[in-house]
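Enquirer: I am sharing final-v6.cif, which consists of mmCIF, C-alpha atoms and all ligand atoms:
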data_input
loop_
_atom_site.label_atom_id
_atom_site.label_comp_id
_atom_site.auth_asym_id
_atom_site.auth_seq_id
_atom_site.Cartn_x
_atom_site.Cartn_y
_atom_site.Cartn_z
CA MET A 1 8.80 19.20 -48.70
CA SER A 2 5.02 18.90 -48.34
CA THR A 3 4.49 15.14 -48.24
CA LEU A 4 6.69 12.11 -48.43
CA GLY A 5 6.51 8.54 -49.76
CA LEU A 6 8.53 5.81 -48.08
CA TYR A 7 10.05 2.76 -49.78
CA LEU A 8 11.45 -0.15 -47.77
CA HIS A 9 13.53 -2.78 -49.52
CA ILE A 10 13.37 -6.44 -48.44
CA PRO A 11 16.18 -8.20 -50.33
CA PHE A 12 15.22 -11.84 -49.81
CA CYS A 13 13.51 -14.43 -51.98
CA GLN A 14 12.93 -18.13 -51.73
CA SER A 15 14.92 -18.72 -54.93
CA LYS A 16 16.21 -16.57 -57.77
CA CYS A 17 14.11 -16.23 -60.92
CA ARG A 18 16.06 -16.70 -64.15
CA TYR A 19 15.48 -13.16 -65.41
CA CYS A 20 15.98 -11.28 -62.15
CA ASP A 21 18.67 -8.68 -61.56
CA PHE A 22 16.98 -7.07 -58.55
CA CYS A 23 18.89 -6.80 -55.32
CA SER A 24 17.61 -9.98 -53.69
CA PHE A 25 19.29 -12.98 -52.09
CA PRO A 26 17.75 -16.43 -52.33
CA GLY A 27 17.25 -18.75 -49.40
CA ARG A 28 18.91 -16.75 -46.61
CA SER A 29 18.81 -18.15 -43.07
CA ALA A 30 16.42 -16.93 -40.38
CA GLU A 31 19.42 -15.36 -38.56
CA ALA A 32 20.44 -13.39 -41.65
CA VAL A 33 16.87 -12.17 -42.13
CA ASP A 34 16.62 -11.16 -38.46
CA ALA A 35 19.90 -9.25 -38.61
CA TYR A 36 18.67 -7.36 -41.67
CA CYS A 37 15.34 -6.47 -40.05
CA ILE A 38 17.17 -5.10 -36.99
CA ALA A 39 19.37 -2.92 -39.21
CA LEU A 40 16.31 -1.72 -41.13
CA LEU A 41 14.53 -0.85 -37.88
CA ARG A 42 17.56 1.25 -36.92
CA GLU A 43 17.39 3.10 -40.24
CA ILE A 44 13.65 3.72 -39.84
CA GLU A 45 14.24 5.16 -36.40
CA ALA A 46 17.11 7.39 -37.55
CA TYR A 47 15.23 8.85 -40.53
CA GLY A 48 12.03 9.14 -38.49
CA GLU A 49 13.86 11.49 -36.13
CA GLN A 50 15.06 13.66 -39.05
CA MET A 51 11.72 13.74 -40.87
CA ARG A 52 9.39 14.19 -37.92
CA GLY A 53 6.36 16.29 -38.86
CA ILE A 54 6.48 15.62 -42.62
CA ALA A 55 3.25 13.93 -43.66
CA VAL A 56 3.84 10.48 -45.15
CA ASP A 57 1.07 9.52 -47.51
CA THR A 58 2.43 6.31 -49.03
CA VAL A 59 4.52 3.45 -47.65
CA TYR A 60 5.72 0.70 -49.98
CA PHE A 61 7.50 -2.54 -49.12
CA GLY A 62 9.24 -3.92 -52.21
CA GLY A 63 11.86 -6.52 -52.95
CA GLY A 64 12.86 -9.15 -53.25
CA THR A 65 9.86 -10.78 -51.66
CA PRO A 66 8.71 -8.88 -48.56
CA THR A 67 6.44 -11.79 -47.65
CA TYR A 68 9.53 -14.04 -47.40
CA LEU A 69 9.96 -12.38 -43.98
CA PRO A 70 8.22 -13.91 -40.99
CA LYS A 71 4.95 -11.96 -40.95
CA GLU A 72 5.52 -10.70 -37.40
CA ARG A 73 8.75 -9.12 -38.70
CA LEU A 74 6.83 -7.35 -41.47
CA ALA A 75 4.23 -6.22 -38.94
CA ALA A 76 6.99 -4.90 -36.65
CA LEU A 77 8.52 -2.94 -39.53
CA VAL A 78 5.24 -1.27 -40.44
CA GLU A 79 4.58 -0.55 -36.79
CA SER A 80 7.98 1.09 -36.50
CA VAL A 81 7.28 3.22 -39.58
CA THR A 82 3.99 4.46 -38.13
CA LYS A 83 5.64 5.10 -34.76
CA HIS A 84 8.63 7.08 -36.05
CA PHE A 85 7.12 8.91 -39.06
CA SER A 86 3.99 11.06 -39.32
CA VAL A 87 1.98 8.63 -41.42
CA ASN A 88 -1.39 10.00 -42.58
CA ALA A 89 -4.45 8.11 -41.34
CA ASP A 90 -5.47 7.41 -44.95
CA ALA A 91 -1.96 6.54 -46.20
CA GLU A 92 -1.62 3.86 -48.85
CA ILE A 93 0.46 1.08 -47.27
CA THR A 94 1.50 -1.51 -49.83
CA THR A 95 3.50 -4.66 -49.78
CA GLU A 96 4.62 -6.77 -52.70
CA CYS A 97 3.89 -10.43 -52.18
CA ASN A 98 4.66 -13.60 -54.09
CA PRO A 99 2.21 -16.47 -54.41
CA ALA A 100 2.90 -19.45 -52.17
CA THR A 101 4.72 -17.32 -49.59
CA VAL A 102 1.65 -16.39 -47.50
CA ASP A 103 -1.46 -18.15 -46.26
CA LEU A 104 -4.79 -16.81 -45.06
CA PRO A 105 -3.89 -16.29 -41.36
CA GLU A 106 -0.68 -14.50 -42.40
CA LEU A 107 -2.58 -12.29 -44.83
CA GLN A 108 -5.07 -11.49 -42.07
CA ALA A 109 -2.14 -10.58 -39.82
CA LEU A 110 -0.71 -8.26 -42.50
CA ARG A 111 -4.08 -6.57 -42.96
CA ALA A 112 -4.40 -6.14 -39.18
CA ALA A 113 -0.87 -4.69 -39.07
CA GLY A 114 -1.98 -1.84 -41.33
CA PHE A 115 -1.19 -2.96 -44.87
CA ASN A 116 -4.09 -1.90 -47.09
CA ARG A 117 -2.77 -2.72 -50.56
CA LEU A 118 -1.15 -5.89 -51.85
CA ILE A 119 0.69 -6.51 -55.11
CA ILE A 120 0.83 -10.16 -56.06
CA GLY A 121 3.47 -11.28 -58.57
CA ALA A 122 1.42 -13.44 -60.93
CA GLN A 123 3.68 -12.91 -63.99
CA SER A 124 1.73 -15.48 -66.04
CA LEU A 125 -1.15 -17.89 -65.62
CA SER A 126 0.62 -20.50 -67.77
CA ASP A 127 2.53 -23.02 -65.65
CA ARG A 128 4.88 -23.68 -68.54
CA GLU A 129 5.80 -19.99 -68.79
CA LEU A 130 6.19 -19.76 -65.00
CA ARG A 131 8.59 -22.71 -65.06
CA LEU A 132 10.62 -21.11 -67.87
CA LEU A 133 10.88 -17.93 -65.81
CA GLY A 134 12.12 -19.93 -62.83
CA ARG A 135 9.19 -18.84 -60.65
CA ILE A 136 8.45 -20.99 -57.60
CA HIS A 137 4.68 -20.83 -57.96
CA THR A 138 1.96 -22.18 -60.25
CA ALA A 139 -1.10 -20.43 -61.63
CA ALA A 140 -3.18 -22.27 -59.01
CA ASP A 141 -0.92 -20.88 -56.26
CA PHE A 142 -1.51 -17.37 -57.57
CA LYS A 143 -5.29 -17.82 -57.58
CA ALA A 144 -5.23 -19.28 -54.07
CA THR A 145 -3.15 -16.36 -52.76
CA PHE A 146 -5.38 -13.85 -54.54
CA GLU A 147 -8.56 -15.35 -53.11
CA ALA A 148 -7.05 -15.60 -49.63
CA ALA A 149 -6.04 -11.92 -49.83
CA ARG A 150 -9.63 -10.95 -50.65
CA ARG A 151 -10.88 -13.07 -47.75
CA ALA A 152 -8.33 -11.41 -45.48
CA GLY A 153 -9.92 -8.05 -46.27
CA PHE A 154 -7.61 -6.60 -48.93
CA ASP A 155 -9.96 -4.54 -51.08
CA ASN A 156 -7.09 -2.97 -53.04
CA LEU A 157 -5.28 -5.76 -54.87
CA SER A 158 -2.86 -5.49 -57.75
CA ALA A 159 -1.33 -8.22 -59.92
CA ASP A 160 1.88 -8.06 -61.98
CA VAL A 161 2.10 -9.85 -65.32
CA MET A 162 4.83 -10.03 -67.93
CA PHE A 163 4.86 -10.23 -71.69
CA GLY A 164 7.69 -11.19 -74.01
CA ILE A 165 8.35 -14.35 -71.95
CA PRO A 166 10.18 -17.20 -73.75
CA ALA A 167 7.72 -19.42 -75.65
CA GLN A 168 4.85 -17.03 -74.89
CA THR A 169 2.40 -16.31 -77.71
CA ALA A 170 -0.04 -13.44 -78.14
CA ALA A 171 -2.81 -15.96 -77.45
CA SER A 172 -1.27 -17.26 -74.21
CA PHE A 173 -0.67 -13.71 -72.96
CA ALA A 174 -4.27 -12.79 -73.74
CA ALA A 175 -5.39 -15.93 -71.85
CA THR A 176 -3.36 -14.79 -68.82
CA LEU A 177 -5.00 -11.36 -68.96
CA ARG A 178 -8.48 -12.83 -69.34
CA GLY A 179 -7.86 -15.19 -66.41
CA LEU A 180 -6.71 -12.23 -64.35
CA CYS A 181 -9.75 -10.15 -65.29
CA GLU A 182 -12.01 -12.98 -64.07
CA LEU A 183 -10.49 -12.51 -60.62
CA ALA A 184 -11.06 -8.74 -60.93
CA PRO A 185 -7.99 -7.23 -59.26
CA ASP A 186 -8.20 -3.47 -58.73
CA HIS A 187 -4.95 -2.78 -60.55
CA ILE A 188 -2.79 -4.61 -63.09
CA SER A 189 0.82 -3.94 -64.09
CA ALA A 190 1.96 -5.44 -67.39
CA TYR A 191 5.70 -5.25 -67.99
CA GLY A 192 7.73 -6.38 -70.97
CA LEU A 193 10.46 -8.87 -70.03
CA LYS A 194 13.91 -7.33 -70.22
CA ILE A 195 16.96 -9.53 -70.58
CA GLU A 196 19.34 -8.08 -68.00
CA GLU A 197 23.08 -8.65 -67.93
CA GLY A 198 24.31 -11.07 -65.31
CA THR A 199 21.16 -13.20 -65.28
CA PRO A 200 20.78 -16.81 -66.50
CA PHE A 201 18.50 -15.45 -69.25
CA PHE A 202 21.29 -13.15 -70.42
CA ALA A 203 23.71 -16.08 -70.61
CA ALA A 204 21.17 -18.04 -72.67
CA ARG A 205 19.96 -15.05 -74.72
CA ASP A 206 20.97 -16.49 -78.09
CA THR A 207 18.92 -19.65 -77.63
CA LEU A 208 15.91 -18.35 -75.68
CA PRO A 209 12.68 -18.75 -77.71
CA LEU A 210 11.70 -15.10 -77.23
CA PRO A 211 8.69 -13.70 -79.11
CA ASP A 212 9.77 -11.44 -81.97
CA GLU A 213 9.39 -7.65 -81.80
CA ASP A 214 6.09 -7.57 -83.73
CA THR A 215 4.54 -10.22 -81.49
CA GLU A 216 5.67 -8.37 -78.40
CA ARG A 217 4.18 -5.15 -79.69
CA GLN A 218 0.96 -7.01 -80.47
CA MET A 219 0.87 -8.36 -76.91
CA TYR A 220 1.13 -4.85 -75.48
CA MET A 221 -1.53 -3.41 -77.79
CA ASP A 222 -3.84 -6.38 -77.04
CA ALA A 223 -3.36 -5.75 -73.32
CA VAL A 224 -4.40 -2.11 -73.68
CA THR A 225 -7.57 -3.10 -75.57
CA LEU A 226 -8.50 -6.14 -73.49
CA LEU A 227 -7.96 -4.40 -70.16
CA ALA A 228 -9.97 -1.36 -71.30
CA GLU A 229 -12.85 -3.71 -72.18
CA HIS A 230 -12.73 -4.99 -68.60
CA GLY A 231 -12.79 -1.52 -67.04
CA TYR A 232 -9.06 -0.91 -66.51
CA ASP A 233 -7.80 2.48 -67.61
CA ARG A 234 -4.19 2.68 -68.64
CA TYR A 235 -2.88 5.56 -66.54
CA GLU A 236 0.82 4.88 -67.13
CA ILE A 237 2.66 2.99 -69.89
CA SER A 238 2.62 -0.32 -68.01
CA ASN A 239 -0.08 0.27 -65.40
CA PHE A 240 -3.85 -0.17 -65.56
CA ALA A 241 -6.40 0.52 -62.85
CA LYS A 242 -10.05 0.55 -62.01
CA LYS A 243 -11.25 4.07 -61.23
CA GLY A 244 -9.57 5.50 -58.14
CA ARG A 245 -7.23 2.49 -57.77
CA GLU A 246 -4.10 3.98 -59.35
CA SER A 247 -0.95 3.34 -57.30
CA ARG A 248 -0.54 6.47 -55.21
CA HIS A 249 3.02 5.48 -54.37
CA ASN A 250 4.15 4.98 -57.96
CA LEU A 251 2.43 8.20 -59.01
CA ARG A 252 4.85 9.95 -56.67
CA TYR A 253 7.76 8.64 -58.77
CA TRP A 254 6.18 9.67 -62.06
CA GLU A 255 5.22 13.08 -60.71
CA ARG A 256 8.75 13.54 -59.37
CA MET A 257 7.59 13.97 -55.81
CA ASP A 258 9.75 13.25 -52.77
CA TYR A 259 10.42 9.72 -51.67
CA LEU A 260 12.76 8.22 -49.13
CA GLY A 261 14.10 4.71 -49.64
CA MET A 262 15.31 2.61 -46.74
CA GLY A 263 17.01 -0.76 -46.79
CA LEU A 264 19.72 -2.32 -48.92
CA ALA A 265 20.22 -0.60 -52.30
CA ALA A 266 17.22 1.68 -51.76
CA TYR A 267 17.05 4.97 -53.68
CA SER A 268 15.78 8.32 -52.44
CA CYS A 269 14.92 11.58 -54.12
CA LEU A 270 14.24 14.61 -51.95
CA GLY A 271 13.90 17.76 -54.03
CA ASN A 272 16.99 17.81 -56.21
CA GLU A 273 19.03 15.60 -53.90
CA ARG A 274 19.24 11.99 -54.96
CA PHE A 275 21.02 9.32 -52.94
CA SER A 276 21.19 5.59 -52.62
CA ASN A 277 22.07 3.01 -50.02
CA THR A 278 24.85 0.49 -50.41
CA GLU A 279 24.22 -2.91 -52.00
CA ASP A 280 26.83 -4.42 -49.69
CA MET A 281 24.99 -6.32 -46.94
CA ALA A 282 27.94 -6.27 -44.50
CA ARG A 283 28.24 -2.50 -44.82
CA TYR A 284 24.49 -2.05 -44.46
CA LEU A 285 24.36 -4.20 -41.32
CA ALA A 286 27.21 -2.13 -39.86
CA GLY A 287 25.16 1.04 -40.37
CA ASP A 288 27.48 2.35 -43.13
CA ARG A 289 24.57 2.90 -45.51
CA LEU A 290 25.21 5.70 -47.98
CA ALA A 291 26.57 4.63 -51.39
CA GLU A 292 26.00 7.66 -53.65
CA HIS A 293 24.72 11.19 -53.32
CA GLU A 294 24.08 13.44 -56.26
CA HIS A 295 22.75 16.97 -56.60
CA VAL A 296 20.49 17.05 -59.66
CA SER A 297 20.86 20.26 -61.65
CA ALA A 298 17.73 22.29 -62.43
CA HIS A 299 18.19 21.38 -66.11
CA ASP A 300 18.32 17.64 -65.40
CA ALA A 301 15.39 17.93 -62.98
CA LEU A 302 13.33 19.45 -65.81
CA CYS A 303 14.36 16.63 -68.19
CA GLU A 304 13.42 14.08 -65.53
CA ALA A 305 10.05 15.74 -64.99
CA VAL A 306 9.32 15.52 -68.74
CA MET A 307 10.60 11.93 -68.99
CA LEU A 308 8.57 10.70 -66.00
CA GLY A 309 5.46 12.78 -66.67
CA MET A 310 5.22 11.58 -70.26
CA ARG A 311 4.88 8.01 -68.95
CA LEU A 312 1.45 9.03 -67.72
CA GLU A 313 -1.67 8.85 -69.85
CA ARG A 314 -2.51 12.40 -68.83
CA GLY A 315 0.91 13.56 -70.04
CA VAL A 316 2.69 16.75 -69.08
CA ASP A 317 1.33 20.19 -68.34
CA PHE A 318 4.15 22.34 -69.74
CA THR A 319 2.70 25.58 -68.37
CA ALA A 320 2.87 24.12 -64.86
CA LEU A 321 6.40 22.85 -65.55
CA ALA A 322 7.45 26.29 -66.76
CA GLY A 323 6.15 27.66 -63.44
CA VAL A 324 8.68 25.46 -61.65
CA TYR A 325 11.61 25.26 -64.11
CA GLY A 326 11.21 28.37 -66.25
CA ASP A 327 10.67 28.83 -69.98
CA ALA A 328 13.10 26.02 -70.87
CA ALA A 329 10.08 23.72 -70.38
CA TYR A 330 8.54 25.12 -73.59
CA GLU A 331 11.58 24.00 -75.60
CA TYR A 332 10.74 20.37 -74.75
CA GLN A 333 7.09 20.97 -75.51
CA SER A 334 8.07 22.21 -78.93
CA ARG A 335 10.42 19.24 -79.57
CA LEU A 336 7.73 16.76 -78.52
CA SER A 337 4.96 18.42 -80.49
CA LYS A 338 6.87 17.60 -83.69
CA TYR A 339 5.89 13.96 -83.08
CA GLN A 340 2.22 14.86 -83.46
CA ASP A 341 2.48 14.52 -87.24
CA GLY A 342 3.58 10.88 -86.99
CA GLY A 343 0.70 10.11 -84.60
CA PHE A 344 3.00 9.49 -81.61
CA VAL A 345 2.03 12.52 -79.52
CA ARG A 346 -1.37 14.09 -78.91
CA GLN A 347 -2.52 17.43 -77.60
CA THR A 348 -4.41 17.25 -74.31
CA GLU A 349 -6.28 19.91 -72.36
CA ARG A 350 -3.29 20.33 -70.07
CA GLY A 351 -0.42 19.83 -72.52
CA LEU A 352 1.00 16.87 -74.43
CA ALA A 353 0.72 13.12 -73.98
CA PHE A 354 1.79 10.07 -75.93
CA THR A 355 -0.70 8.20 -78.10
CA SER A 356 -0.79 4.39 -77.77
CA ASP A 357 1.74 4.07 -80.60
CA GLY A 358 3.88 6.74 -78.95
CA MET A 359 3.78 5.01 -75.56
CA TYR A 360 5.25 1.88 -77.08
CA VAL A 361 8.24 3.77 -78.52
CA SER A 362 8.41 6.42 -75.80
CA ASN A 363 11.97 5.58 -74.74
CA ALA A 364 13.29 6.24 -78.23
CA ILE A 365 11.38 9.52 -78.57
CA LEU A 366 12.41 10.78 -75.14
CA SER A 367 16.06 9.94 -75.66
CA ASP A 368 15.84 11.88 -78.92
CA ILE A 369 14.42 15.07 -77.39
CA LEU A 370 15.92 15.18 -73.89
CA ASP A 371 19.45 16.39 -73.31
CA PHE A 372 20.50 15.46 -69.80
CA GLU A 373 23.74 17.09 -68.62
CA ASN A 374 24.73 13.96 -66.67
S1 LIG B 401 10.60 -13.14 -56.87
FE1 LIG B 401 11.02 -11.15 -57.82
S2 LIG B 401 12.77 -10.30 -56.71
FE2 LIG B 401 12.63 -12.51 -56.21
S3 LIG B 401 14.02 -13.48 -57.62
FE3 LIG B 401 11.98 -13.55 -58.57
S4 LIG B 401 11.88 -11.67 -59.80
FE4 LIG B 401 13.60 -11.45 -58.42
#
Can the structure in the file be given as structure tokens, please?
Expert:
Amino acid sequence: MSTLGLYLHIPFCQSKCRYCDFCSFPGRSAEAVDAYCIALLREIEAYGEQMRGIAVDTVYFGGGTPTYLPKERLAALVESVTKHFSVNADAEITTECNPATVDLPELQALRAAGFNRLIIGAQSLSDRELRLLGRIHTAADFKATFEAARRAGFDNLSADVMFGIPAQTAASFAATLRGLCELAPDHISAYGLKIEEGTPFFAARDTLPLPDEDTERQMYMDAVTLLAEHGYDRYEISNFAKKGRESRHNLRYWERMDYLGMGLAAYSCLGNERFSNTEDMARYLAGDRLAEHEHVSAHDALCEAVMLGMRLERGVDFTALAGVYGDAAYEYQSRLSKYQDGGFVRQTERGLAFTSDGMYVSNAILSDILDFEN
């Protein structure tokens, strides 16, 4: 293992959004939050002992809403990470943050604690769409949080937006993107809404005024064009960045590099060992953390490397993959190259990548060509 990325899960939110199936609990008491932070500190310390000497180059606090925590708790967690792990001096240290959960002094405190990248969950700049999603904030709250983050010294800011929201039109999505571009974040993630089982949206799926498939596709294609006009390169299917502002942490996932997840329901992948923590809070608090552990076969690791690498604009270097996984890599190159005729796949200097049309239907193409054993 040469370097490591760390993920820390904070499973609390002020309230539950109507589409959300993430592991997050709304409105938990201060005592419950404190108990969780103490258990997480114990996990950080335990893994820090085991991983001493391995250079950590990204740390990512996700959720949930990490900024739901008292900010001194967040600061203590990042301090513990830097104390117990060998965190590089230039490590990317990110936290997700929701509008209306932090103010300027708190953002200044987070910056002083070592966070150098912030992801703000905008989702939409239409208050009507935000209400339909069940978000707690307004577009004005997002702008205020964004501007406060800049004032607090965050020079690496990302914003998340969604398309395919009930009642959203191509025009309203484009207005959200244009409004975002005026604020000039360094990075933008644009995800299509998925209706997940067990959510209020799933229960109401037959009556939700969702945009049709063609409109949703149009929204995505418009995003690619509009963001490119404003200087954002798409470097992954759903992620756009100004030069040099790609998410180093997420690139680790797509490049199938090692990451260690800590906290409730967190996932880890170290080489070909994949494991996850329990989603049961009582078990987690008692220190009984491990839920699943799986050894990934070399064949499945190769399929994963193709699946994740093809999410990237630069695509997959099959010669390099063959160096790691053997000649089987060329079989997938050959299967993918058949999609060149339809205009879904393109040849690059280093191998193959999806075209814009291919990116939009990448899941279907990859499930057609990959043959996972498990
Ligand atoms: S803020 Fe994010 S994690 Fe929390 S409920 Fe909403 S979508 Fe889920």
Enquirer: What does the list of residues within 6 Å of ligand LIG 401 (chain B) look like if you count all atoms listed in the file, written as a list of chain:residue names?
Expert: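 Result of the 6 Å neighbour search around ligand LIG 401 (chain B): A:Cys13, A:Ser15, A:Lys16, A:Cys17, A:Cys20, A:Phe22, A:Ser24, A:Gly63, A:Gly64, A:Thr65.
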Enquirer: Output as JSON lines one row per residue of stretch 147-260 of chain A within 12 Å of stretch 348-353 of chain A: the closest atom pair and its distance in Å to one decimal place, counting all atoms listed in the file, sorted by chain and residue number ascending.
Expert:
{"residue": "A:Tyr235", "atom": "CA", "partner": "A:Ala353", "partner_atom": "CA", "distance": 11.2}
{"residue": "A:Glu236", "atom": "CA", "partner": "A:Ala353", "partner_atom": "CA", "distance": 10.7}
{"residue": "A:Ile237", "atom": "CA", "partner": "A:Ala353", "partner_atom": "CA", "distance": 11.1}
Enquirer: Find the spatial neighbours of stretch 85-91 of chain A, counting all atoms listed in the file, within a cut-off of 9 Å - ignore same-chain residues fewer than 4 positions away - and output them as an MDAnalysis selection string.
Expert: chainID A and resid 44:45 47:49 51:59 80:81 116
Enquirer: Show which residues sit within 10 Å of stretch 355-364 of chain A, as a list in words. Count only C-alpha atoms, and ignore same-chain residues fewer than 6 positions away.
Expert: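 Result of the neighbour search: Arg217, Tyr220, Met221, Val224, Arg234, Glu236, Ile237, Ser238, Met307, Met310, Arg311, Leu312, Glu313, Gly315, Tyr339, Gln340, Gly342, Gly343, Phe344, Val345, Arg346 and Gln347 of chain A.
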Enquirer: Can those selected residues be exported to a file as a JSON list (two decimals), in the coordinates of the input so that it contains C-alpha atoms?
Expert:
[["chain", "number", "residue", "atom", "x", "y", "z"],
["A", 217, "ARG", "CA", 4.18, -5.15, -79.69],
["A", 220, "TYR", "CA", 1.13, -4.85, -75.48],
["A", 221, "MET", "CA", -1.53, -3.41, -77.79],
["A", 224, "VAL", "CA", -4.40, -2.11, -73.68],
["A", 234, "ARG", "CA", -4.19, 2.68, -68.64],
["A", 236, "GLU", "CA", 0.82, 4.88, -67.13],
["A", 237, "ILE", "CA", 2.66, 2.99, -69.89],
["A", 238, "SER", "CA", 2.62, -0.32, -68.01],
["A", 307, "MET", "CA", 10.60, 11.93, -68.99],
["A", 310, "MET", "CA", 5.22, 11.58, -70.26],
["A", 311, "ARG", "CA", 4.88, 8.01, -68.95],
["A", 312, "LEU", "CA", 1.45, 9.03, -67.72],
["A", 313, "GLU", "CA", -1.67, 8.85, -69.85],
["A", 315, "GLY", "CA", 0.91, 13.56, -70.04],
["A", 339, "TYR", "CA", 5.89, 13.96, -83.08],
["A", 340, "GLN", "CA", 2.22, 14.86, -83.46],
["A", 342, "GLY", "CA", 3.58, 10.88, -86.99],
["A", 343, "GLY", "CA", 0.70, 10.11, -84.60],
["A", 344, "PHE", "CA", 3.00, 9.49, -81.61],
["A", 345, "VAL", "CA", 2.03, 12.52, -79.52],
["A", 346, "ARG", "CA", -1.37, 14.09, -78.91],
["A", 347, "GLN", "CA", -2.52, 17.43, -77.60]]
Enquirer: Go ahead and compute the interatomic distance for atom CA of A:Gly263 and atom CA of A:Leu8, in Å to one decimal.
Expert: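 A separation of 5.7 Å between them.
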Enquirer: Using only C-alpha atoms, which protein or nucleic acid residues come within 9 Å of A:Tyr284? Drop anything in the same chain fewer than 6 positions from it, and give the result as a ChimeraX atom specification.
Expert: /A:36,39-40,263-264,277-278,290
Enquirer: Using all atoms listed in the file for the distances, tell me which of A:Glu147, A:Asp258, A:Asp186, A:Glu246 is nearest to A:Gly231.
Expert: A:Asp186
Enquirer: How far is it from atom CA of A:Ala265 to atom CA of A:Ala100, in Å with one decimal?
Expert: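 Interatomic distance here is 25.6 Å.
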Enquirer: List every protein, DNA or RNA residue with an atom no more than 12 Å from (3.8, -17.2, -69.4) in the file's coordinates, counting all atoms listed in the file, and format the result as an NGL selection string.
Expert: :A and (122-135 or 138-139 or 160-177 or 192-193 or 210-211 or 219)
Enquirer: Just want the 10 Å neighbourhood of A:Thr319, counted on only C-alpha atoms, with same-chain residues fewer than 5 positions away dropped. Output as a list of chain:residue names.
Expert: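 Contacts, in chain order: A:Val324, A:Tyr325, A:Gly326, A:Asp327, A:Ala329, A:Tyr330, A:Gln333, A:Arg350, A:Gly351.
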Enquirer: What lies within 12 Å of A:Pro70 using only C-alpha atoms, ignoring chain neighbours under 6 positions off, as a ChimeraX atom specification?
Expert: /A:10,12,29-31,33-34,37,76-77,101-103,106-107,109-110
Enquirer: With 6 Å on each side, where is the centre of the axis-aligned box around all listed atoms of stretch 166-183 of chain A, and how long are its edges in Å to one decimal, as AutoDock Vina command-line options?
Expert:
--center_x -0.9 --center_y -14.8 --center_z -69.4 --size_x 34.2 --size_y 21.3 --size_z 29.5
Enquirer: Pick from A:Asp212, A:Asp222, A:Asp300, A:Glu196: nearest to A:Tyr19, with only C-alpha atoms counted?
Expert: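 Going through A:Asp212, A:Asp222, A:Asp300, A:Glu196 one by one, the smallest distance to A:Tyr19 is for A:Glu196.
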